[in-house]
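Asks: What follows is a single structure, and I will ask about it in a moment.
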Amino acid sequence: MGPDVPLLNDYKQEFFWKRFPQTVLGGPRFKLGYCAPTYTYVNQIILFLIPWVFGGVGTVLYQLNTLEDYWASILAAGLMLLAAFIIQGLSLWVRRKSVAVETFTSENTLADEDEFDFSSCVGSETIKFIVPGKKYLINTVFHSILAGALCGLGTWYLLPNRLMILYVNTGATAVLFVFGWVTVCIGEYSLIINTAVETATFQPQDTYEVNALTRPLYIIAFIAVDLAYRFTVNPVLLETAQILHIIFVFLPILWAIGILPPVDALVLWVLEQVLEFVFGGSPMATNVRLFVMFTVSAGVVIATFFIPNTLGVVLFTTGMGFILSLDLSQLETLFRFCYSTADGSLQRPKYSSHRIGWQLGWKKILIYISIFILMLTEAGLLHWFARNSTTSGINPQTILSYILIVTLVAWKICQEIQGAFILFGLFRNPFFPKGIRTVQVFKQKRTILMRVALIQRILLNYISPFAMLAYLSVDSSLQYIHTASLCIGFTRAFRMVWQYTENALLEVVVIAIVRLATLHSTLVWWNTLGTGIQLLMVGIIRDRFFQAVTKLKFALTVLISSWTEKKQRRKSSSAIIILNIILFPVVLMIIALASALSAPLLPLFTLPVFLVGFPRPNKSWPGSVGDAACICPDSVYYQHMRHNLAAAFCTAFSAGSLGNPTPGCHYLCRFQDRLVWVFILERGFGYCCINIKGLELQETSCHTAEARRVDEVFEMSFEQNNQARTCSLNHHFSNILTPSTVLPVLVYSDARNVLTGIIDSLENLKHLKEDYAKVFIWVLLQYIKNKSKSEHVQDNQPLQQNTTWLEENIVTSMRTGSCKGRKNSFSINSEIFPDWSDEDIFELESIGKKTGIHPIKNTTGIQQMTTKPIITSIPGSLETQSLSSDINDEELPNRTPMYGLPATDKGKHRVMETSTQEMVPAVFSSPYSHKLKVPENWRLGPFPSLLLQELLKSFPEDWYSFVLNLLDIFHSDEKNSIIFEVIGDTTLKDMYSHVVMSCYGIMLGTDSIIPSPNQVFKVYSGDMPWSLGLDWLTQKPELLTLALKAFRYTFKLMFDKACLGPVENFAELVSYLEEYDKNWFIGMVSEPQWQQAVLQEKPYLFSLGYDPSLSLYTGRVLSLQEMLLHVGQLNAEAIRGQWANLSWELLYATNDDEERYSIQAHPVLLRNLTVQSANPPLGYPIYSSPSIHVSLF
């Protein structure tokens, strides 16, 4: 698509211009896509003005001194309450009266395709069009009551006399009165008549009708400030009320452009901001943790206020700050472990072994207890000595200030040289390894950096916290702790030491520098604040300043790249750039406002047209992390690598190579065709909480273009060895991606090969057919050996030599279910013919005919009786046997015995007899052969005798003997002699030869024709063509699985022989097969076993595939090995801004066009990748992990 693709197509443009006026006015629909009667518009205007009419009645009565102001407000509230109940009751009555049942699946949206058949001014269709009604009865009542209260409070808020007292200006009073009532009417209409779709949409669906409360709550918040002023008469509140009255009339504009957040987003945002900047906490990974942590933190502040002793305050705030900064979610694992230990089980919970990062064990508890004791001891002693010291020497805070400054500088230098670039990503780090292509080279080159990383870790985790504790403990403002501001300030300060050690260190150093600079002068207003409030103010300024810097860089990137990137250059680009230059002060004001509100900077349609998005929580999306993803077969690769990737991030965070891991940071990881998005959710002492997302592997053109740019950026940073200068500039500084480091991670390396020249080689296919019998013998013997080992043998004594394998079970039960073959054929197996002997055959037959009872031997060797009626015939005969009494005689002609082959000619009949029918009772020559016997229902093959005899000529007896000789199933002093006896047992050999060659004939054909590549691929994938014995094989799932497994091993063997050379001897062939069985999964990518093998970390995986577009056969090999993963840090504000535009564009403008402009490839903004990484339903990552806690030590 070209750069001038429409931002909105024609249909969406029409839809938008219908919806936007409704949003501005709060819900009235004055612009429709069809002709509507005039009364529909008149009715909406009347309903819109009803609150003003009721409020006007109360206002007039107040101005005439007939009623007091509060009685006027009550009158307006009562009238509005009555009107609201009448309107909602009428809507409810009409909906119940309707014959068709309405389902409010998309409430409060413009369904411009639905036309209403208006019949009259107050007809049912008119009422349903104007007043859609509420989904829940409780909302009908609550919203009506709130509408009455809003009208009464609005009347009180906009009384002309009160406005004259505030502004002493008739013109200002008139303007505020008129436009103020417009604001109230908009809020009332949205609440009680029809809720408008807000441009500031947070939830994809308004399930509980919360959006209707957004505008009324903002109005009530403004009125609450005015009420507070009226009852307290505070000069500060007077100025605030004057300002808010002016802003009040502009609320419809703020609602229309989407600056004010909806209620749910507002609550979460306020809780996060207060928790972080007032209580010194961190944004939480889940909403539940946020509410719990906010409540506990508020309780700590309140408790601090009532502690009478300053020493107690220091100890309490220090201890609680440390405890609340820990990863308290680990306590769940500890409690479960203690509970299981109390029950007598010393094993940890099963899920605990799958947790990422560190786990809270006894060693960690001892470490934390030691730190806790040292921390309290230091803080208590220093505060006690500082309070009781009478010497007037050097202030200890001055000495500690210099120590903290040196610590900050040393730590920052050690951290800065860990990454690939320094000074905000502008210059390349000369100390970072160059020419990194292998894991070994990287580990060798980073040895010195790891030593420096140890120093910065000690400075950050141990020296800095204790130095800051000492600085705070001796502060003089602790003497005035019993004020609300100082309690809040010092509670936050002592917690920030552990929660955000890096930020706390910077804030304390700033305070120390200011005090050192004003050592011989006094800043009265600054010193009266106290150290705690000073740190709080510096913390807010620090956060907003860095937000403003990153937002400014993002805005310049969008502006400049709209012209420098030719594919992004639109016809309107030059005009937009000129306007941005002319209105640059306005752009700076927008950036400053967005930074002050901690709101995203929204580039409209990702063009350099900037708006202030509504403030939202750190996660940017509602719901829990990891709940939704577009799962596909490729998701398993990200699911597997998340464990190893999180462990690698632990190392990188502790070394400092990824910068400061603060909530809201985004990292992009690249490895082969995989793109991993890592987002930090939560941060505390010694841990952080991350979310890992996997982006699609089936790359589109836009995805490929941006992935290619990512590869270029990483290649220039990590793989190029020759640099013109030691400290060169970052040529991709304008890109939102800044390369950080390289991480060795244990992942699957994906290699794909075209098999042209291998699978179509006649020589290779000939070897495939020759090797299949050998491989199947090995697979079958391994299966029998493992099965024999797993069985519990009650008696180790060998069976009598005369025991035959046909007599082990005297009579087998008949299967009553008919087998459905692909050709409706009927296969005869051992279950049709009951076992027999010369002595008791007629007796058994008579028993079955007379009583309908036949014996079955159970697992304990005791015969049980069953009442299934059977008819037993003499072996060798072809009598029609009744399988079940449920089979009708009409069904018998459809069953063609002997695979549909006619049996009328006696001469032909002998030729077509199955081998099992000609088989005489066999006797094992070795008493140990029973351990290797094949299952009974496998022994009767599907092929005629002559055909089977031809197949048996290809049976590799020497290989069979060689494999038997390697089995370790016999544990005896005379092992060699036992194996010799078993090898010489012809009965056992016949069993295996019949089974192996029967499967050989089914899989590869009974003739000598070499299979085609297409046939090989179909058999490999399990889609075997129909043959004479296919139904016989499909009725035996275990045998079919073994036959397919052997074929896949054979194909892999053919592939290896073509690549590595021929197999010299049997021993080498056995080594190949053992390697396949131990370290390989050979199958298809589409099989569930493939995903299981990936999660089980099978060292190697192989799959055969076919590309129909190119008519090529492909091979895919996954190998588990430690590889280098390139990691870069993304501009967090660029991601927030693009996500904010995505939310607006899809949830409000409904611009879901797959070829829309804002989803096109942008190599600088990485626009397509950013859209992918958003949470569903707006984004489409193929994997999203739950919240993962990783260590920072």
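Numbering starts fresh at 1 for the residues of each chain in the structure tokens, the chains themselves are lettered A, B, ... in the order given, and ligands are numbered from 1 as they appear.
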Any chance you could list, as a VMD selection string, the residues in stretch 210-420 of chain A that come up helix (DSSP H, G or I) when DSSP is run on the backbone?
Replies: chain A and resid 211 to 232 235 to 248 251 to 257 263 to 277 287 to 305 310 to 324 330 to 342 350 to 354 362 to 388 396 to 416
Asks: Would you save the residues of that selection, restricted to C-alpha atoms, as a compact mmCIF listing (two decimals), in the first residue's frame?
Replies:
# COMPACT_ATOMS: atom_id res chain seq x y z
CA ASN A 211 -19.57 4.66 30.79
CA ALA A 212 -22.89 6.34 31.59
CA LEU A 213 -21.40 7.48 34.91
CA THR A 214 -18.30 9.13 33.45
CA ARG A 215 -19.64 12.59 32.64
CA PRO A 216 -21.92 12.92 35.71
CA LEU A 217 -19.07 12.00 38.06
CA TYR A 218 -16.83 14.68 36.59
CA ILE A 219 -19.61 17.23 37.03
CA ILE A 220 -20.12 16.15 40.64
CA ALA A 221 -16.35 16.39 41.27
CA PHE A 222 -16.36 20.04 40.12
CA ILE A 223 -19.44 20.79 42.23
CA ALA A 224 -17.83 19.13 45.29
CA VAL A 225 -14.99 21.67 45.28
CA ASP A 226 -17.47 24.54 45.21
CA LEU A 227 -19.46 23.02 48.04
CA ALA A 228 -16.28 22.64 50.08
CA TYR A 229 -15.54 26.33 49.57
CA ARG A 230 -19.05 27.38 50.61
CA PHE A 231 -18.82 25.49 53.89
CA THR A 232 -15.17 26.33 54.75
CA PRO A 235 -9.03 31.49 50.16
CA VAL A 236 -7.25 28.67 48.38
CA LEU A 237 -10.55 26.96 47.68
CA LEU A 238 -11.93 30.28 46.41
CA GLU A 239 -9.26 30.51 43.73
CA THR A 240 -9.73 26.85 42.93
CA ALA A 241 -13.49 27.28 42.56
CA GLN A 242 -13.03 30.25 40.23
CA ILE A 243 -10.69 28.27 38.01
CA LEU A 244 -12.90 25.18 38.00
CA HIS A 245 -16.01 27.18 37.06
CA ILE A 246 -14.20 28.29 33.94
CA ILE A 247 -12.98 24.80 33.14
CA PHE A 248 -16.51 23.51 33.80
CA LEU A 251 -15.89 19.95 29.85
CA PRO A 252 -17.79 19.00 26.65
CA ILE A 253 -14.67 19.82 24.62
CA LEU A 254 -12.46 17.80 26.97
CA TRP A 255 -14.88 14.89 26.71
CA ALA A 256 -14.98 15.17 22.93
CA ILE A 257 -11.19 15.12 22.45
CA VAL A 263 -14.26 5.92 35.45
CA ASP A 264 -12.51 2.52 35.51
CA ALA A 265 -9.28 3.86 34.00
CA LEU A 266 -9.42 6.91 36.28
CA VAL A 267 -9.66 4.83 39.45
CA LEU A 268 -6.74 2.58 38.50
CA TRP A 269 -4.63 5.54 37.39
CA VAL A 270 -5.24 7.49 40.62
CA LEU A 271 -4.43 4.45 42.75
CA GLU A 272 -1.17 3.88 40.86
CA GLN A 273 -0.11 7.52 41.03
CA VAL A 274 -0.83 7.79 44.76
CA LEU A 275 0.81 4.45 45.50
CA GLU A 276 3.95 5.37 43.56
CA PHE A 277 4.49 9.04 44.39
CA ASN A 287 -5.58 -4.97 39.89
CA VAL A 288 -6.11 -7.08 43.01
CA ARG A 289 -2.51 -6.57 44.12
CA LEU A 290 -2.92 -2.85 43.40
CA PHE A 291 -5.95 -2.52 45.68
CA VAL A 292 -4.37 -4.60 48.44
CA MET A 293 -1.03 -2.76 48.32
CA PHE A 294 -2.75 0.63 48.25
CA THR A 295 -4.80 -0.27 51.33
CA VAL A 296 -1.81 -1.59 53.27
CA SER A 297 0.35 1.41 52.32
CA ALA A 298 -2.35 3.84 53.41
CA GLY A 299 -2.59 1.96 56.71
CA VAL A 300 1.15 2.33 57.26
CA VAL A 301 0.96 6.10 56.74
CA ILE A 302 -1.98 6.39 59.14
CA ALA A 303 -0.22 4.25 61.76
CA THR A 304 2.91 6.40 61.45
CA PHE A 305 0.94 9.50 62.37
CA THR A 310 10.41 9.68 66.65
CA LEU A 311 12.64 6.64 67.22
CA GLY A 312 9.58 4.44 66.89
CA VAL A 313 8.62 6.27 63.70
CA VAL A 314 12.06 5.67 62.21
CA LEU A 315 12.07 1.98 63.10
CA PHE A 316 8.47 1.43 61.97
CA THR A 317 8.76 3.22 58.62
CA THR A 318 12.14 1.65 57.90
CA GLY A 319 10.91 -1.87 58.64
CA MET A 320 7.58 -1.54 56.82
CA GLY A 321 9.23 0.11 53.84
CA PHE A 322 11.57 -2.85 53.50
CA ILE A 323 8.80 -5.44 53.95
CA LEU A 324 6.39 -3.83 51.47
CA GLN A 330 6.58 -15.60 47.15
CA LEU A 331 4.99 -16.07 50.56
CA GLU A 332 2.31 -18.20 48.94
CA THR A 333 4.91 -20.70 47.82
CA LEU A 334 6.52 -20.69 51.25
CA PHE A 335 3.21 -21.25 53.04
CA ARG A 336 2.34 -24.13 50.75
CA PHE A 337 5.72 -25.68 51.39
CA CYS A 338 5.32 -25.32 55.15
CA TYR A 339 1.83 -26.78 54.96
CA SER A 340 3.03 -29.78 52.97
CA THR A 341 5.93 -30.25 55.41
CA ALA A 342 3.50 -30.27 58.32
CA LYS A 350 4.50 -29.13 41.79
CA TYR A 351 3.95 -25.73 40.25
CA SER A 352 6.82 -24.19 42.20
CA SER A 353 9.36 -25.92 40.00
CA HIS A 354 7.96 -24.03 37.03
CA TRP A 362 15.14 -20.62 53.81
CA LYS A 363 18.43 -19.14 52.61
CA LYS A 364 16.65 -16.12 51.15
CA ILE A 365 14.69 -15.69 54.36
CA LEU A 366 17.89 -15.68 56.39
CA ILE A 367 19.40 -13.09 54.06
CA TYR A 368 16.36 -10.87 54.34
CA ILE A 369 16.25 -11.26 58.12
CA SER A 370 19.92 -10.30 58.31
CA ILE A 371 19.35 -7.20 56.16
CA PHE A 372 16.28 -6.35 58.22
CA ILE A 373 18.17 -6.54 61.53
CA LEU A 374 21.14 -4.54 60.22
CA MET A 375 18.83 -1.95 58.73
CA LEU A 376 16.88 -1.41 61.96
CA THR A 377 20.06 -1.35 64.01
CA GLU A 378 21.68 1.25 61.79
CA ALA A 379 18.61 3.48 61.56
CA GLY A 380 17.84 3.26 65.28
CA LEU A 381 21.39 3.91 66.51
CA LEU A 382 22.11 6.76 64.12
CA HIS A 383 18.82 8.47 64.92
CA TRP A 384 19.36 8.08 68.66
CA PHE A 385 22.91 9.47 68.52
CA ALA A 386 21.86 12.34 66.23
CA ARG A 387 19.01 13.28 68.54
CA ASN A 388 21.10 13.15 71.72
CA PRO A 396 26.85 14.09 59.62
CA GLN A 397 24.49 14.67 56.70
CA THR A 398 27.21 16.69 54.99
CA ILE A 399 29.63 13.76 55.11
CA LEU A 400 26.92 11.37 53.98
CA SER A 401 26.05 13.74 51.12
CA TYR A 402 29.55 13.43 49.66
CA ILE A 403 29.46 9.66 50.10
CA LEU A 404 26.13 9.45 48.27
CA ILE A 405 27.35 11.67 45.42
CA VAL A 406 30.45 9.51 44.92
CA THR A 407 28.33 6.36 45.11
CA LEU A 408 25.90 7.66 42.50
CA VAL A 409 28.66 8.63 40.08
CA ALA A 410 30.53 5.34 40.51
CA TRP A 411 27.37 3.26 40.16
CA LYS A 412 26.20 5.15 37.07
CA ILE A 413 29.57 4.72 35.34
CA CYS A 414 29.63 1.00 36.10
CA GLN A 415 26.07 0.60 34.84
CA GLU A 416 26.50 2.75 31.74
Asks: From stretch 299-530 of chain A, collect each residue whose DSSP state is strand (DSSP E) and return the set as an MDAnalysis selection string.
Replies: chainID A and resid 421:422 427:428
Asks: Could you take the residues named above and write them with N, CA, C and O atoms, as a PDB file, in the first residue's frame?
Replies:
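Output file result.pdb follows:
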ATOM      1  N   PHE A 421      25.280   1.076  24.117  1.00  0.00           N
ATOM      2  CA  PHE A 421      25.376   2.502  23.843  1.00  0.00           C
ATOM      3  C   PHE A 421      25.322   3.274  25.158  1.00  0.00           C
ATOM      4  O   PHE A 421      24.757   2.808  26.148  1.00  0.00           O
ATOM      5  N   ILE A 422      25.916   4.453  25.137  1.00  0.00           N
ATOM      6  CA  ILE A 422      25.980   5.282  26.341  1.00  0.00           C
ATOM      7  C   ILE A 422      25.372   6.643  26.043  1.00  0.00           C
ATOM      8  O   ILE A 422      25.093   6.978  24.881  1.00  0.00           O
ATOM      9  N   PHE A 427      25.923   7.500  21.755  1.00  0.00           N
ATOM     10  CA  PHE A 427      27.253   7.049  21.352  1.00  0.00           C
ATOM     11  C   PHE A 427      27.409   5.565  21.652  1.00  0.00           C
ATOM     12  O   PHE A 427      26.845   5.038  22.622  1.00  0.00           O
ATOM     13  N   ARG A 428      28.226   4.919  20.825  1.00  0.00           N
ATOM     14  CA  ARG A 428      28.518   3.516  21.034  1.00  0.00           C
ATOM     15  C   ARG A 428      29.503   3.362  22.196  1.00  0.00           C
ATOM     16  O   ARG A 428      30.450   4.130  22.335  1.00  0.00           O
TER      17      ARG A 428
END
Asks: So the first atom is atom CA of A:Tyr1113 and the second is atom CA of A:Leu755; what is the distance between them in Å, to one decimal place?
Replies: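 Rounded to one decimal, the two atoms are 5.5 Å apart.
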Asks: Measuring atom to atom with only C-alpha atoms, identify which of A:Ser717, A:Ser1103, A:Asn976, A:Asn1065 is nearest to A:Phe1051.
Replies: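 Among the listed residues, A:Ser1103 lies closest to A:Phe1051.
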Asks: Name the residues in contact with A:Asp750 at a cut-off of 12 Å, using only C-alpha atoms, excluding same-chain residues fewer than 2 positions from it; report them as number ranges by chain.
Replies: A: 634, 637, 671-674, 697, 747-748, 752-753, 1100-1103, 1115-1121, 1123
Asks: Those residues you just picked out, can you put them in a file as a short mmCIF file (atom, residue, chain, number, x, y, z; two decimals), in the first residue's frame with C-alpha atoms?
Replies:
data_model
loop_
_atom_site.label_atom_id
_atom_site.label_comp_id
_atom_site.auth_asym_id
_atom_site.auth_seq_id
_atom_site.Cartn_x
_atom_site.Cartn_y
_atom_site.Cartn_z
CA ASP A 634 3.92 -21.46 16.78
CA TYR A 637 8.16 -21.90 20.91
CA PHE A 671 16.39 -14.32 17.44
CA GLN A 672 16.17 -15.83 13.94
CA ASP A 673 12.52 -15.36 12.92
CA ARG A 674 11.27 -14.80 16.46
CA LEU A 697 6.22 -16.08 12.94
CA VAL A 747 16.41 -21.86 22.76
CA TYR A 748 15.49 -23.91 19.72
CA ARG A 752 14.81 -25.42 7.18
CA ASN A 753 16.13 -27.26 4.14
CA TYR A 1100 16.33 -32.24 18.44
CA LEU A 1101 13.14 -32.28 16.40
CA PHE A 1102 12.71 -33.19 12.74
CA SER A 1103 9.74 -32.73 10.47
CA GLY A 1115 12.88 -30.63 6.05
CA ARG A 1116 12.79 -28.75 9.33
CA VAL A 1117 15.22 -29.35 12.19
CA LEU A 1118 14.94 -27.77 15.62
CA SER A 1119 18.01 -28.06 17.81
CA LEU A 1120 18.09 -26.98 21.44
CA GLN A 1121 21.24 -24.98 22.05
CA MET A 1123 22.17 -18.97 21.19
#
Asks: Got a sec: who's within 12 Å of stretch 514-529 of chain A, counting only C-alpha atoms, leaving out chain neighbours fewer than 3 positions off, as a short mmCIF file (atom, residue, chain, number, x, y, z; two decimals) with C-alpha atoms, in the first residue's frame?
Replies:
data_model
loop_
_atom_site.label_atom_id
_atom_site.label_comp_id
_atom_site.auth_asym_id
_atom_site.auth_seq_id
_atom_site.Cartn_x
_atom_site.Cartn_y
_atom_site.Cartn_z
CA ILE A 394 30.37 18.91 61.12
CA ASN A 395 26.83 17.86 60.30
CA GLN A 397 24.49 14.67 56.70
CA THR A 398 27.21 16.69 54.99
CA ILE A 399 29.63 13.76 55.11
CA LEU A 400 26.92 11.37 53.98
CA SER A 401 26.05 13.74 51.12
CA TYR A 402 29.55 13.43 49.66
CA ILE A 405 27.35 11.67 45.42
CA ASP A 475 17.70 14.28 59.35
CA SER A 476 16.59 17.10 61.62
CA SER A 477 13.05 17.33 60.20
CA LEU A 478 12.23 14.01 61.89
CA TYR A 480 8.48 17.42 63.46
CA ILE A 481 7.16 14.13 62.22
CA THR A 483 2.24 16.38 60.74
CA ALA A 484 0.43 14.67 57.89
CA SER A 485 2.83 15.93 55.22
CA LEU A 486 5.97 14.82 57.07
CA CYS A 487 4.44 11.40 57.85
CA ILE A 488 3.69 10.89 54.17
CA GLY A 489 7.08 12.21 53.06
CA PHE A 490 9.23 10.07 55.37
CA GLU A 507 16.52 12.00 44.52
CA VAL A 508 18.58 12.00 47.72
CA VAL A 509 21.66 13.21 45.84
CA VAL A 510 19.65 16.09 44.33
CA ILE A 511 18.50 17.11 47.82
CA GLY A 532 10.28 13.90 53.10
CA ILE A 533 8.17 16.34 51.09
CA GLN A 534 11.27 17.61 49.30
CA LEU A 535 12.01 14.06 48.16
CA LEU A 536 8.37 13.62 47.10
CA MET A 537 8.50 16.78 44.98
CA VAL A 538 11.86 15.84 43.46
#
Asks: Which is closer to A:Leu64 than all the others in A:Thr40, A:Asn161, A:Ser144, A:Gln1035, using only C-alpha atoms?
Replies: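 Of A:Thr40, A:Asn161, A:Ser144, A:Gln1035, the one nearest A:Leu64 is A:Asn161, counting only C-alpha atoms.
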Asks: Which residue gives the smallest distance to A:Leu611 among A:Val178, A:Ile259, A:Leu1192, A:Leu552, with only C-alpha atoms counted?
Replies: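 Among A:Val178, A:Ile259, A:Leu1192, A:Leu552, it is A:Ile259 that comes nearest to A:Leu611.
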Asks: For each of A:Val42, A:Ile692, A:Ile581, A:Leu964, take the minimum atom-to-atom distance to A:Gly626, counting only C-alpha atoms, then give the residue where this is smallest.
Replies: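 Nearest to A:Gly626: A:Ile692.
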Asks: Using only C-alpha atoms, find the one residue out of A:Ala707, A:Val278, A:Ile45, A:Leu92 that sits nearest to A:Ser124.
Replies: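 Using only C-alpha atoms, the shortest distance to A:Ser124 belongs to A:Leu92.
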Asks: For a quick check of understanding, using only C-alpha atoms, which of A:Ile577, A:Leu163, A:Leu472, A:Val996 has the smallest distance to A:Thr564?
Replies: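 Checking each of A:Ile577, A:Leu163, A:Leu472, A:Val996 against A:Thr564, counting only C-alpha atoms, the winner is A:Ile577.
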Asks: Please, what distance in Å, to one decimal, runs between atom CA of A:Tyr687 and atom CA of A:Asp543?
Replies: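 Atom CA of A:Asp543 lies at a distance of 20.8 Å from atom CA of A:Tyr687.
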Asks: Figure out the distance between atom CA of A:Ile983 and atom CA of A:Cys999, please, to one decimal in Å.
Replies: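 Separation of atom CA of A:Cys999 and atom CA of A:Ile983: 21.7 Å.
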Asks: Fewer than 6 positions away in the same chain doesn't count, so skip those; otherwise give me all residues within 12 Å of A:Leu49, counting only C-alpha atoms, as a list in words.
Replies: Leu25, Pro28, Val42, Asn43, Gly55, Gly56, Met80, Cys151, Val178, Trp181, Val182, Thr183, Val184, Cys185, Ile186, Gly187, Glu188, Tyr189 and Ile193 of chain A
Asks: Do a neighbour search on A:Leu79 at 9 Å with only C-alpha atoms, toss out local chain neighbours closer than 3 positions, and write the hits as a VMD selection string.
Replies: chain A and resid 51 54 to 55 74 to 76 82 to 84 148 151
Asks: Those residues you just picked out, can you put them in a file as a JSON list (two decimals), in the first residue's frame with all heavy atoms?
Replies:
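Full text of part-v4.json as output:
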[["chain", "number", "residue", "atom", "x", "y", "z"],
["A", 51, "PRO", "N", -33.45, 19.02, 31.97],
["A", 51, "PRO", "CA", -32.74, 19.42, 33.20],
["A", 51, "PRO", "C", -32.63, 20.93, 33.33],
["A", 51, "PRO", "O", -32.75, 21.49, 34.44],
["A", 51, "PRO", "CB", -31.37, 18.76, 33.05],
["A", 51, "PRO", "CG", -31.60, 17.64, 32.10],
["A", 51, "PRO", "CD", -32.64, 18.11, 31.15],
["A", 54, "PHE", "N", -36.02, 22.31, 34.51],
["A", 54, "PHE", "CA", -36.26, 22.08, 35.93],
["A", 54, "PHE", "C", -35.32, 22.95, 36.79],
["A", 54, "PHE", "O", -35.73, 23.52, 37.81],
["A", 54, "PHE", "CB", -36.08, 20.61, 36.28],
["A", 54, "PHE", "CG", -37.11, 19.72, 35.65],
["A", 54, "PHE", "CD1", -36.85, 18.38, 35.42],
["A", 54, "PHE", "CD2", -38.35, 20.21, 35.31],
["A", 54, "PHE", "CE1", -37.79, 17.56, 34.84],
["A", 54, "PHE", "CE2", -39.32, 19.39, 34.72],
["A", 54, "PHE", "CZ", -39.03, 18.07, 34.48],
["A", 55, "GLY", "N", -34.06, 23.02, 36.38],
["A", 55, "GLY", "CA", -33.13, 23.87, 37.10],
["A", 55, "GLY", "C", -33.50, 25.34, 36.99],
["A", 55, "GLY", "O", -33.30, 26.12, 37.94],
["A", 74, "ILE", "N", -33.40, 21.26, 45.82],
["A", 74, "ILE", "CA", -34.20, 20.07, 46.11],
["A", 74, "ILE", "C", -35.39, 19.98, 45.15],
["A", 74, "ILE", "O", -35.76, 18.89, 44.68],
["A", 74, "ILE", "CB", -34.67, 20.10, 47.58],
["A", 74, "ILE", "CG1", -33.46, 19.93, 48.51],
["A", 74, "ILE", "CG2", -35.69, 19.00, 47.84],
["A", 74, "ILE", "CD1", -33.81, 20.10, 49.98],
["A", 75, "LEU", "N", -36.03, 21.14, 44.86],
["A", 75, "LEU", "CA", -37.15, 21.14, 43.92],
["A", 75, "LEU", "C", -36.70, 20.65, 42.54],
["A", 75, "LEU", "O", -37.37, 19.81, 41.92],
["A", 75, "LEU", "CB", -37.73, 22.55, 43.81],
["A", 75, "LEU", "CG", -38.84, 22.74, 42.77],
["A", 75, "LEU", "CD1", -40.05, 21.87, 43.12],
["A", 75, "LEU", "CD2", -39.24, 24.22, 42.67],
["A", 76, "ALA", "N", -35.57, 21.18, 42.04],
["A", 76, "ALA", "CA", -35.07, 20.75, 40.73],
["A", 76, "ALA", "C", -34.71, 19.26, 40.75],
["A", 76, "ALA", "O", -34.98, 18.53, 39.78],
["A", 76, "ALA", "CB", -33.86, 21.59, 40.34],
["A", 82, "LEU", "N", -38.36, 12.51, 39.16],
["A", 82, "LEU", "CA", -39.65, 12.04, 38.66],
["A", 82, "LEU", "C", -39.61, 11.84, 37.15],
["A", 82, "LEU", "O", -40.10, 10.84, 36.62],
["A", 82, "LEU", "CB", -40.74, 13.05, 39.04],
["A", 82, "LEU", "CG", -42.17, 12.72, 38.57],
["A", 82, "LEU", "CD1", -42.65, 11.41, 39.20],
["A", 82, "LEU", "CD2", -43.12, 13.87, 38.91],
["A", 83, "ALA", "N", -39.02, 12.81, 36.44],
["A", 83, "ALA", "CA", -38.92, 12.69, 34.98],
["A", 83, "ALA", "C", -38.07, 11.50, 34.59],
["A", 83, "ALA", "O", -38.38, 10.78, 33.62],
["A", 83, "ALA", "CB", -38.35, 13.99, 34.40],
["A", 84, "ALA", "N", -36.98, 11.26, 35.31],
["A", 84, "ALA", "CA", -36.11, 10.13, 34.98],
["A", 84, "ALA", "C", -36.83, 8.81, 35.16],
["A", 84, "ALA", "O", -36.72, 7.90, 34.32],
["A", 84, "ALA", "CB", -34.86, 10.18, 35.86],
["A", 148, "GLY", "N", -31.35, 12.85, 39.36],
["A", 148, "GLY", "CA", -32.00, 13.85, 40.20],
["A", 148, "GLY", "C", -31.01, 14.63, 41.03],
["A", 148, "GLY", "O", -31.08, 15.88, 41.12],
["A", 151, "CYS", "N", -29.03, 17.10, 38.86],
["A", 151, "CYS", "CA", -29.78, 18.29, 38.48],
["A", 151, "CYS", "C", -29.88, 19.26, 39.67],
["A", 151, "CYS", "O", -29.71, 20.48, 39.50],
["A", 151, "CYS", "CB", -31.17, 17.90, 38.01],
["A", 151, "CYS", "SG", -32.17, 19.28, 37.40]]
